[in-house]
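Inspection log for the structure reproduced underneath, given as structure tokens.
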Amino acid sequence: MPHFGNGCKICIFAILTLRYMVDFLQIGSIKNLLLLVAVFAFCSCSSGKRTEVLPDGELPAIWKERPTVLVDSTVSLKIFEPKFNDIDLVCGTMSAEDDSTVVFCAEAAFTGSLQDAFSHSNIAGDHVSAGQRYKGYSAPVNTGAFVYAQGKWKFARQPYSDLLDSAARRHGMGFTQILLVHHGEGVPISLKSLKDHVKNIYRALCQHDGKLYVMESRKSITLEQFKAALLRLGVEEALYMDMGKGWNHSWYRDSKGEVHEIHPYAHPYCTNWIVFYQRPR
């Protein structure tokens, strides 16, 4: 069913009223003037930007018409859809904003401790970067993995070591994290304190209707509440991404090439980022 905002309803009412006046007057010059006003009002209404907030179970169809990174919201979620042709896990140094091939960049796996020098062993769980597998520190909480290679991706539940090996052989990428949703069903979260008490703006890498999205909560909620919002939307897969002050530092590029910071820089201790690219072919 088409949606009409209040402004659009007023315009439609005005057009119908003017049409009635035109039929009544039947005077050429006045008739033409009134029709011109009606057309102008309708065009102004039609060209307006979408401002309403969607319910959790609906994604905006207008996204199909816009390039690069598409941004919208539901009641509970802020949603980013990168338009990409490559993905990598960048480790050690965050991608530069002046790299025009990068369209989205955000922290992926957990970082173990605050270290001045980068080490792959300070990243939670084994991971694949630029086709190379690296050993991270043991992280039993990482119940899921995401891999991407040669234009295809996959979310997996433990065990996922063979999947990481496959991504490395195919010159791809991969990281492990807390799996929130798998095959459209919620996955139990083992960290009780995080699950029940800690409120934060949470973020996840998601698959919805066969497409990749990055989704985050619009306000501070518990991780279980965040998972519930993802399930209401109908995501098929959701893998947690590191958040919290500083760890949430992230940015995306719009269709004009301008960079938009999602959360600001706060410290130099981040170690890894999932990066979506739109590379020249």
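Letters for chains follow the order of the structure tokens (A, B, ...), residue numbers begin at 1 for each chain, and ligand numbers begin at 1 in the order shown.
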
Closest-contact table, stretch 145-210 of chain A side, partner stretch 245-253 of chain A, 10 Å, counting only C-alpha atoms, as CSV:
```
residue,atom,partner,partner_atom,distance
A:Asn200,CA,A:Lys245,CA,9.6
A:Ile201,CA,A:Asn248,CA,9.0
A:Tyr202,CA,A:Asn248,CA,9.0
A:Arg203,CA,A:Asn248,CA,8.7
```

Pull the closest atom pair for each residue of stretch 68-148 of chain A that gets at most 12 Å from stretch 234-237 of chain A, along with the distance in Å to one decimal, counting only C-alpha atoms, ordering rows by chain and then ascending residue number, as a tab-separated table.
```
residue	atom	partner	partner_atom	distance
A:Ile79	CA	A:Val235	CA	11.9
A:Gly144	CA	A:Glu237	CA	10.1
A:Ala145	CA	A:Glu237	CA	10.6
A:Phe146	CA	A:Glu237	CA	9.8
```

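Between A:Val198 and the candidates A:Ala228, A:Ile221, A:Val128, A:Val71, the tightest atom-to-atom separation, counting only C-alpha atoms, involves A:Ile221.
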
*Write out as a VMD selection string each polymer residue whose atoms come within 12 Å of A:Thr93, counting only C-alpha atoms; drop sequence neighbours fewer than 2 positions from it.*
chain A and resid 89 to 91 95 to 97 105 to 107 117 to 120 268 to 275
